[in-house]
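Peer 1: Please find one structure pasted underneath; my questions will follow.
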2 protein chains.
Amino acid sequence: MAAQRQYEELARQLSAIGAVKRGLGRVLPPECPAGSAAVLTLLNRHGEMRMSRLAELLAVDMSVTSRHVAHVAERGWIHRDPDPADKRSRILRLTPAGEAKFEELSDLSMQALAHYLHDWSDDEVDQLSTLLARLRDSFGDCRAASARIPQSSQCSQPSQSPLSPHDVQTSETTRTPA
Amino acid sequence: MAAQRQYEELARQLSAIGAVKRGLGRVLPPECPAGSAAVLTLLNRHGEMRMSRLAELLAVDMSVTSRHVAHVAERGWIHRDPDPADKRSRILRLTPAGEAKFEELSDLSMQALAHYLHDWSDDEVDQLSTLLARLRDSFGDCRAASARIPQSSQCSQPSQSPLSPHDVQTSETTRTPA
DNA sequence: TATTGTTATACTCTATAACTATA
DNA sequence: TATAGTTATAGAGTATAACAATA
């Protein structure tokens, strides 16, 4: 449990981080905004999945996911095949064109990061990634059920014991068992 | 200079951090969206300033700043007095009502952070704040002049020697000497 | 009845460009 | 001519609610 002074500083930094995200977004081609890039990236990384799973990975509402997915589907970058096991669902997967587009986006992003972070050490990049993953995880813990925050108290649920850098990564894949 | 694999991971984490920001934004009262809260926070922290300075601290265009400022001014949370030294400029400063509103927002944000990050150590919070500050600084370096990113190369300008945690904070205050 | 996904609507944030007033 | 700030317009991202189809 940190001091208020530290939380204030963290809140300021989080508020300011939007500028970095916009900077990275500016290297993307106009036909592929950040939302579309996120869809392609997650499908490339995790393989085919349903809408609901993608919505969880994106951490946005399903309606938002639906719009992003429609955008990339219209451009032929993904297929939306009906799920034989559940006709309400659709299975999303990259097309060859989508894989090519992902590679193009990835190259652009990697060049930008290599440019801006040229004087960062490997450890620093890793540390930041790990802390961001854990940050998202800490917020995800208390989001789904009741987002109510009790007056100046702590989470009442049993604390998920301190995460090792390796554990953090699992949050993405364990939150949707089905 | 880190490996592509690390940049990919960082890019994913940055893309996902929006969920955290939205989570924090949800604790704010409806009459004070995140943009307004940022204005109040920066004026509270840095004291009175001009629009152009605030736009830099917010890291958004002046037109965006103008809208956020108009919103908080309409609610009586700041004053916009003409600058006697330059009649084009306006000096922004918190009103007593604005200070009270800031305290209210601060309390809400602090409660939320204390809630979600209850199992974070002091060091971890500090590390994340420091790395985020440095991240913003690294992107700010190459933003103003020519945002062109040379094909797979590095910044050609003399590298600002590795920052200590303390140096990072100065970037906000040194970028606008006038 | 509950769940998956889509669509309609509204709101926030942002950038570009045109404009006013002043330096 | 250049700069500080405002406003109009457009676009991306998001959430809520109503809806259709299926479980």
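Labeling convention for the structure tokens: chains A, B, ... as they appear, residues from 1 per chain, ligands from 1 in order of appearance.
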Where does chain B meet chain D within 12 Å, residue by residue, with the nearest atom pair and distance in Å to one decimal for each, counting only C-alpha atoms (C1' of nucleotides), listed by chain and rising number, as JSON lines?
Peer 2:
```
{"residue": "B:Gly18", "atom": "CA", "partner": "D:DG13", "partner_atom": "C1'", "distance": 10.5}
{"residue": "B:Ala19", "atom": "CA", "partner": "D:DT14", "partner_atom": "C1'", "distance": 10.6}
{"residue": "B:Arg22", "atom": "CA", "partner": "D:DT14", "partner_atom": "C1'", "distance": 9.4}
{"residue": "B:Arg26", "atom": "CA", "partner": "D:DA15", "partner_atom": "C1'", "distance": 11.3}
{"residue": "B:Arg50", "atom": "CA", "partner": "D:DA4", "partner_atom": "C1'", "distance": 9.4}
{"residue": "B:Met51", "atom": "CA", "partner": "D:DG5", "partner_atom": "C1'", "distance": 7.7}
{"residue": "B:Ser52", "atom": "CA", "partner": "D:DA4", "partner_atom": "C1'", "distance": 7.6}
{"residue": "B:Arg53", "atom": "CA", "partner": "D:DA4", "partner_atom": "C1'", "distance": 11.0}
{"residue": "B:Ala55", "atom": "CA", "partner": "D:DG5", "partner_atom": "C1'", "distance": 11.3}
{"residue": "B:Asp61", "atom": "CA", "partner": "D:DG5", "partner_atom": "C1'", "distance": 11.5}
{"residue": "B:Met62", "atom": "CA", "partner": "D:DG5", "partner_atom": "C1'", "distance": 7.9}
{"residue": "B:Ser63", "atom": "CA", "partner": "D:DT6", "partner_atom": "C1'", "distance": 7.5}
{"residue": "B:Val64", "atom": "CA", "partner": "D:DT6", "partner_atom": "C1'", "distance": 10.4}
{"residue": "B:Thr65", "atom": "CA", "partner": "D:DG5", "partner_atom": "C1'", "distance": 9.9}
{"residue": "B:Ser66", "atom": "CA", "partner": "D:DT6", "partner_atom": "C1'", "distance": 7.2}
{"residue": "B:Arg67", "atom": "CA", "partner": "D:DT6", "partner_atom": "C1'", "distance": 8.8}
{"residue": "B:Val69", "atom": "CA", "partner": "D:DT6", "partner_atom": "C1'", "distance": 11.3}
{"residue": "B:Ala70", "atom": "CA", "partner": "D:DT6", "partner_atom": "C1'", "distance": 9.9}
{"residue": "B:Arg80", "atom": "CA", "partner": "D:DG5", "partner_atom": "C1'", "distance": 11.8}
{"residue": "B:Pro82", "atom": "CA", "partner": "D:DA4", "partner_atom": "C1'", "distance": 11.5}
{"residue": "B:Asp83", "atom": "CA", "partner": "D:DA4", "partner_atom": "C1'", "distance": 10.9}
{"residue": "B:Asp86", "atom": "CA", "partner": "D:DA4", "partner_atom": "C1'", "distance": 9.0}
{"residue": "B:Lys87", "atom": "CA", "partner": "D:DA4", "partner_atom": "C1'", "distance": 8.9}
{"residue": "B:Arg88", "atom": "CA", "partner": "D:DA4", "partner_atom": "C1'", "distance": 5.2}
{"residue": "B:Ser89", "atom": "CA", "partner": "D:DA4", "partner_atom": "C1'", "distance": 5.6}
{"residue": "B:Arg90", "atom": "CA", "partner": "D:DG5", "partner_atom": "C1'", "distance": 8.4}
{"residue": "B:Ile91", "atom": "CA", "partner": "D:DA4", "partner_atom": "C1'", "distance": 11.5}
```
Peer 1: To one decimal in Å, tell me the separation between CA of Leu108 (chain B) and CA of Leu42 (chain B).
Peer 2: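 Taking CA of Leu108 (chain B) and CA of Leu42 (chain B), their separation equals 16.6 Å.
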Peer 1: Out of B:Glu74, B:Asp123, B:Glu31, B:Glu103, which residue has the shortest atom-to-atom distance to chain A when counting only C-alpha atoms?
Peer 2: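 Looking only at the distances to chain A, the closest residue turns out to be B:Asp123.
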Peer 1: If DSSP is run on the backbone, what residues of region 9-104 of chain A are strand (DSSP E)? A reply as a list in words would be ideal.
Peer 2: Met49, Arg50, Ile78, His79, Arg80, Asp81, Pro82, Asp83, Asp86, Lys87, Arg88, Ser89, Arg90, Ile91, Leu92, Arg93 and Leu94 of chain A
Peer 1: Any chance you can output those residues with N, CA and C atoms as a PDB file, in the first residue's frame?
Peer 2:
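Output file out03.pdb follows:
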```pdb
ATOM      1  N   MET A  49     -10.723 -16.899 -32.697  1.00  0.00           N
ATOM      2  CA  MET A  49     -11.505 -16.784 -31.455  1.00  0.00           C
ATOM      3  C   MET A  49     -12.882 -16.228 -31.778  1.00  0.00           C
ATOM      4  N   ARG A  50     -13.749 -16.236 -30.754  1.00  0.00           N
ATOM      5  CA  ARG A  50     -15.078 -15.686 -30.916  1.00  0.00           C
ATOM      6  C   ARG A  50     -15.093 -14.202 -30.561  1.00  0.00           C
ATOM      7  N   ILE A  78     -10.122 -10.277 -42.189  1.00  0.00           N
ATOM      8  CA  ILE A  78     -10.533 -11.425 -41.367  1.00  0.00           C
ATOM      9  C   ILE A  78     -11.754 -12.090 -41.986  1.00  0.00           C
ATOM     10  N   HIS A  79     -11.961 -13.336 -41.612  1.00  0.00           N
ATOM     11  CA  HIS A  79     -13.194 -14.048 -41.932  1.00  0.00           C
ATOM     12  C   HIS A  79     -14.013 -14.193 -40.664  1.00  0.00           C
ATOM     13  N   ARG A  80     -15.337 -14.168 -40.849  1.00  0.00           N
ATOM     14  CA  ARG A  80     -16.241 -14.413 -39.721  1.00  0.00           C
ATOM     15  C   ARG A  80     -17.099 -15.620 -40.054  1.00  0.00           C
ATOM     16  N   ASP A  81     -16.630 -16.796 -39.694  1.00  0.00           N
ATOM     17  CA  ASP A  81     -17.363 -18.019 -40.005  1.00  0.00           C
ATOM     18  C   ASP A  81     -18.284 -18.391 -38.858  1.00  0.00           C
ATOM     19  N   PRO A  82     -19.462 -18.892 -39.177  1.00  0.00           N
ATOM     20  CA  PRO A  82     -20.373 -19.330 -38.111  1.00  0.00           C
ATOM     21  C   PRO A  82     -19.749 -20.460 -37.306  1.00  0.00           C
ATOM     22  N   ASP A  83     -19.994 -20.427 -36.010  1.00  0.00           N
ATOM     23  CA  ASP A  83     -19.479 -21.462 -35.126  1.00  0.00           C
ATOM     24  C   ASP A  83     -20.408 -22.673 -35.208  1.00  0.00           C
ATOM     25  N   ASP A  86     -22.231 -23.437 -31.962  1.00  0.00           N
ATOM     26  CA  ASP A  86     -23.174 -22.453 -31.402  1.00  0.00           C
ATOM     27  C   ASP A  86     -23.468 -21.428 -32.486  1.00  0.00           C
ATOM     28  N   LYS A  87     -24.656 -21.562 -33.078  1.00  0.00           N
ATOM     29  CA  LYS A  87     -24.934 -20.748 -34.264  1.00  0.00           C
ATOM     30  C   LYS A  87     -25.076 -19.265 -33.956  1.00  0.00           C
ATOM     31  N   ARG A  88     -25.098 -18.904 -32.658  1.00  0.00           N
ATOM     32  CA  ARG A  88     -25.109 -17.478 -32.353  1.00  0.00           C
ATOM     33  C   ARG A  88     -23.728 -16.873 -32.525  1.00  0.00           C
ATOM     34  N   SER A  89     -22.716 -17.704 -32.404  1.00  0.00           N
ATOM     35  CA  SER A  89     -21.334 -17.198 -32.379  1.00  0.00           C
ATOM     36  C   SER A  89     -20.713 -17.174 -33.768  1.00  0.00           C
ATOM     37  N   ARG A  90     -19.665 -16.391 -33.864  1.00  0.00           N
ATOM     38  CA  ARG A  90     -18.884 -16.358 -35.082  1.00  0.00           C
ATOM     39  C   ARG A  90     -17.414 -16.549 -34.719  1.00  0.00           C
ATOM     40  N   ILE A  91     -16.752 -17.334 -35.542  1.00  0.00           N
ATOM     41  CA  ILE A  91     -15.329 -17.557 -35.330  1.00  0.00           C
ATOM     42  C   ILE A  91     -14.539 -16.573 -36.198  1.00  0.00           C
ATOM     43  N   LEU A  92     -13.691 -15.814 -35.561  1.00  0.00           N
ATOM     44  CA  LEU A  92     -12.892 -14.821 -36.278  1.00  0.00           C
ATOM     45  C   LEU A  92     -11.503 -15.383 -36.538  1.00  0.00           C
ATOM     46  N   ARG A  93     -11.004 -15.176 -37.754  1.00  0.00           N
ATOM     47  CA  ARG A  93      -9.614 -15.546 -38.011  1.00  0.00           C
ATOM     48  C   ARG A  93      -9.053 -14.703 -39.147  1.00  0.00           C
ATOM     49  N   LEU A  94      -7.763 -14.486 -39.096  1.00  0.00           N
ATOM     50  CA  LEU A  94      -7.091 -13.656 -40.092  1.00  0.00           C
ATOM     51  C   LEU A  94      -7.127 -14.333 -41.461  1.00  0.00           C
TER      52      LEU A  94
END
```
Peer 1: Counting only C-alpha atoms (C1' of nucleotides), which residues of chain C come no farther than 8 Å from chain B, as a list in words?
Peer 2: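 So the residues of chain C near chain B are DT12, DC13, DT14, DA15, DA21, DT22 and DA23 of chain C.
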Peer 1: Residues of the last selection are to be written out with C-alpha atoms (C1' of nucleotides), as an mmCIF file, in the first residue's frame.
Peer 2:
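Wrote it out as again-v5.cif, contents follow:
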```cif
data_model
loop_
_atom_site.group_PDB
_atom_site.id
_atom_site.type_symbol
_atom_site.label_atom_id
_atom_site.label_comp_id
_atom_site.auth_asym_id
_atom_site.auth_seq_id
_atom_site.Cartn_x
_atom_site.Cartn_y
_atom_site.Cartn_z
ATOM 1 C "C1'" DT C 12 -15.851 12.347 -24.989
ATOM 2 C "C1'" DC C 13 -11.561 13.261 -26.910
ATOM 3 C "C1'" DT C 14 -8.790 14.689 -30.605
ATOM 4 C "C1'" DA C 15 -6.878 17.174 -34.865
ATOM 5 C "C1'" DA C 21 -7.142 39.935 -31.989
ATOM 6 C "C1'" DT C 22 -2.739 41.306 -30.706
ATOM 7 C "C1'" DA C 23 2.540 41.504 -31.053
#
```
Peer 1: As a compact mmCIF listing (two decimals) with N, CA, C and O atoms, in the first residue's frame, could you give me every residue of chain A near chain B (at most 7 Å apart, counting only C-alpha atoms)?
Peer 2:
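What landed in result_33.txt:
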```
# COMPACT_ATOMS: atom_id res chain seq x y z
N MET A 1 0.85 -1.21 0.00
CA MET A 1 0.00 0.00 0.00
C MET A 1 0.88 1.25 0.00
O MET A 1 1.62 1.49 0.93
N ALA A 2 0.80 2.00 -1.05
CA ALA A 2 1.67 3.17 -1.23
C ALA A 2 1.03 4.42 -0.64
O ALA A 2 -0.14 4.41 -0.25
N GLN A 4 -0.32 8.42 -0.59
CA GLN A 4 -1.16 9.21 -1.49
C GLN A 4 -0.31 9.97 -2.50
O GLN A 4 -0.66 10.06 -3.67
N GLN A 6 2.31 9.10 -3.93
CA GLN A 6 2.70 8.24 -5.04
C GLN A 6 1.53 7.97 -5.98
O GLN A 6 1.71 7.91 -7.20
N TYR A 7 0.35 7.81 -5.40
CA TYR A 7 -0.82 7.61 -6.24
C TYR A 7 -1.09 8.84 -7.11
O TYR A 7 -1.46 8.72 -8.27
N GLU A 9 1.08 10.92 -8.23
CA GLU A 9 2.05 10.92 -9.32
C GLU A 9 1.67 9.91 -10.39
O GLU A 9 1.71 10.21 -11.59
N LEU A 10 1.28 8.74 -9.96
CA LEU A 10 0.89 7.71 -10.93
C LEU A 10 -0.32 8.15 -11.74
O LEU A 10 -0.38 7.94 -12.96
N GLN A 13 0.78 10.50 -14.42
CA GLN A 13 1.48 9.83 -15.51
C GLN A 13 0.52 9.05 -16.39
O GLN A 13 0.67 9.01 -17.61
N LEU A 14 -0.45 8.42 -15.77
CA LEU A 14 -1.43 7.68 -16.57
C LEU A 14 -2.24 8.63 -17.44
O LEU A 14 -2.54 8.34 -18.61
N ALA A 16 -1.24 11.31 -18.68
CA ALA A 16 -0.40 11.88 -19.75
C ALA A 16 0.00 10.85 -20.79
O ALA A 16 0.50 11.21 -21.85
N ILE A 17 -0.22 9.57 -20.49
CA ILE A 17 0.29 8.53 -21.39
C ILE A 17 -0.48 8.49 -22.70
O ILE A 17 -0.02 7.89 -23.68
N ALA A 19 -0.70 10.72 -24.81
CA ALA A 19 0.11 11.33 -25.86
C ALA A 19 1.01 10.30 -26.52
O ALA A 19 1.24 10.35 -27.73
N VAL A 20 1.52 9.38 -25.75
CA VAL A 20 2.37 8.33 -26.31
C VAL A 20 1.56 7.42 -27.22
O VAL A 20 1.98 7.08 -28.34
N LYS A 21 0.38 7.05 -26.76
CA LYS A 21 -0.46 6.18 -27.59
C LYS A 21 -0.82 6.88 -28.90
O LYS A 21 -0.83 6.26 -29.96
N LEU A 58 -9.67 -7.12 -25.80
CA LEU A 58 -9.62 -5.68 -26.09
C LEU A 58 -10.01 -4.86 -24.85
O LEU A 58 -9.70 -3.68 -24.77
N ALA A 59 -10.70 -5.50 -23.93
CA ALA A 59 -11.17 -4.81 -22.72
C ALA A 59 -12.13 -3.68 -23.06
O ALA A 59 -12.08 -2.60 -22.48
N MET A 110 7.17 -1.24 -34.87
CA MET A 110 8.50 -1.59 -34.37
C MET A 110 9.51 -0.50 -34.73
O MET A 110 10.36 -0.14 -33.91
N GLN A 111 9.41 0.02 -35.94
CA GLN A 111 10.32 1.10 -36.32
C GLN A 111 10.13 2.32 -35.41
O GLN A 111 11.09 2.94 -34.97
N ALA A 112 8.87 2.63 -35.13
CA ALA A 112 8.60 3.80 -34.29
C ALA A 112 9.17 3.59 -32.89
O ALA A 112 9.82 4.48 -32.33
N LEU A 113 8.94 2.40 -32.33
CA LEU A 113 9.43 2.15 -30.98
C LEU A 113 10.95 2.13 -30.95
O LEU A 113 11.57 2.68 -30.04
N ALA A 114 11.56 1.52 -31.95
CA ALA A 114 13.02 1.49 -32.00
C ALA A 114 13.57 2.90 -32.11
O ALA A 114 14.64 3.22 -31.57
N HIS A 115 12.83 3.74 -32.80
CA HIS A 115 13.26 5.13 -32.96
C HIS A 115 13.17 5.90 -31.64
O HIS A 115 14.14 6.50 -31.18
N TYR A 116 12.01 5.84 -31.03
CA TYR A 116 11.79 6.65 -29.83
C TYR A 116 12.51 6.09 -28.61
O TYR A 116 12.91 6.83 -27.72
N LEU A 117 12.63 4.77 -28.54
CA LEU A 117 13.20 4.15 -27.34
C LEU A 117 14.62 3.65 -27.58
O LEU A 117 15.06 2.70 -26.93
N HIS A 118 15.30 4.29 -28.48
CA HIS A 118 16.63 3.77 -28.85
C HIS A 118 17.58 3.76 -27.66
O HIS A 118 18.52 2.97 -27.63
N ASP A 119 17.36 4.64 -26.67
CA ASP A 119 18.30 4.67 -25.55
C ASP A 119 17.76 3.96 -24.32
O ASP A 119 18.27 4.14 -23.23
N TRP A 120 16.72 3.15 -24.51
CA TRP A 120 16.22 2.33 -23.41
C TRP A 120 16.97 0.99 -23.40
O TRP A 120 17.26 0.43 -24.46
N SER A 121 17.22 0.50 -22.22
CA SER A 121 17.85 -0.82 -22.11
C SER A 121 16.79 -1.91 -22.22
O SER A 121 15.58 -1.65 -22.07
N ASP A 122 17.24 -3.12 -22.49
CA ASP A 122 16.32 -4.26 -22.54
C ASP A 122 15.54 -4.37 -21.24
O ASP A 122 14.32 -4.59 -21.24
N VAL A 125 12.67 -1.80 -20.85
CA VAL A 125 11.50 -2.13 -21.66
C VAL A 125 10.72 -3.28 -21.01
O VAL A 125 9.50 -3.23 -20.90
N ASP A 126 11.45 -4.27 -20.57
CA ASP A 126 10.79 -5.41 -19.92
C ASP A 126 10.07 -4.98 -18.65
O ASP A 126 8.94 -5.41 -18.39
N LEU A 128 8.85 -2.08 -17.85
CA LEU A 128 7.65 -1.32 -18.15
C LEU A 128 6.54 -2.25 -18.62
O LEU A 128 5.39 -2.14 -18.17
N SER A 129 6.85 -3.17 -19.51
CA SER A 129 5.84 -4.11 -19.99
C SER A 129 5.24 -4.89 -18.83
O SER A 129 4.03 -5.07 -18.73
N LEU A 131 5.16 -4.15 -15.61
CA LEU A 131 4.36 -3.33 -14.70
C LEU A 131 3.02 -2.95 -15.34
O LEU A 131 1.99 -2.91 -14.66
N LEU A 132 3.02 -2.68 -16.63
CA LEU A 132 1.76 -2.34 -17.30
C LEU A 132 0.83 -3.54 -17.30
O LEU A 132 -0.38 -3.41 -17.08
N ALA A 133 1.40 -4.73 -17.51
CA ALA A 133 0.57 -5.94 -17.49
C ALA A 133 -0.03 -6.13 -16.11
O ALA A 133 -1.21 -6.46 -15.96
N ARG A 136 -2.85 -3.56 -15.47
CA ARG A 136 -4.11 -3.96 -16.09
C ARG A 136 -4.75 -5.10 -15.30
O ARG A 136 -5.96 -5.14 -15.11
N SER A 138 -4.43 -5.74 -12.09
CA SER A 138 -4.97 -5.25 -10.83
C SER A 138 -6.33 -4.59 -11.04
O SER A 138 -7.23 -4.72 -10.22
N PHE A 139 -6.47 -3.87 -12.12
CA PHE A 139 -7.75 -3.22 -12.38
C PHE A 139 -8.79 -4.23 -12.85
O PHE A 139 -9.97 -4.10 -12.53
N ILE A 149 -16.39 0.93 -5.25
CA ILE A 149 -15.17 1.04 -4.47
C ILE A 149 -15.54 1.46 -3.06
O ILE A 149 -15.99 2.59 -2.85
N SER A 152 -12.52 4.29 1.15
CA SER A 152 -11.17 4.17 1.71
C SER A 152 -10.93 2.83 2.38
O SER A 152 -10.65 2.75 3.56
N SER A 153 -11.11 1.77 1.63
CA SER A 153 -10.79 0.45 2.16
C SER A 153 -10.03 -0.32 1.10
O SER A 153 -9.63 0.22 0.08
N GLN A 154 -9.87 -1.60 1.33
CA GLN A 154 -9.15 -2.42 0.36
C GLN A 154 -10.07 -3.49 -0.19
O GLN A 154 -11.16 -3.70 0.31
N CYS A 155 -9.61 -4.18 -1.21
CA CYS A 155 -10.38 -5.28 -1.76
C CYS A 155 -10.67 -6.28 -0.65
O CYS A 155 -9.78 -6.66 0.10
```
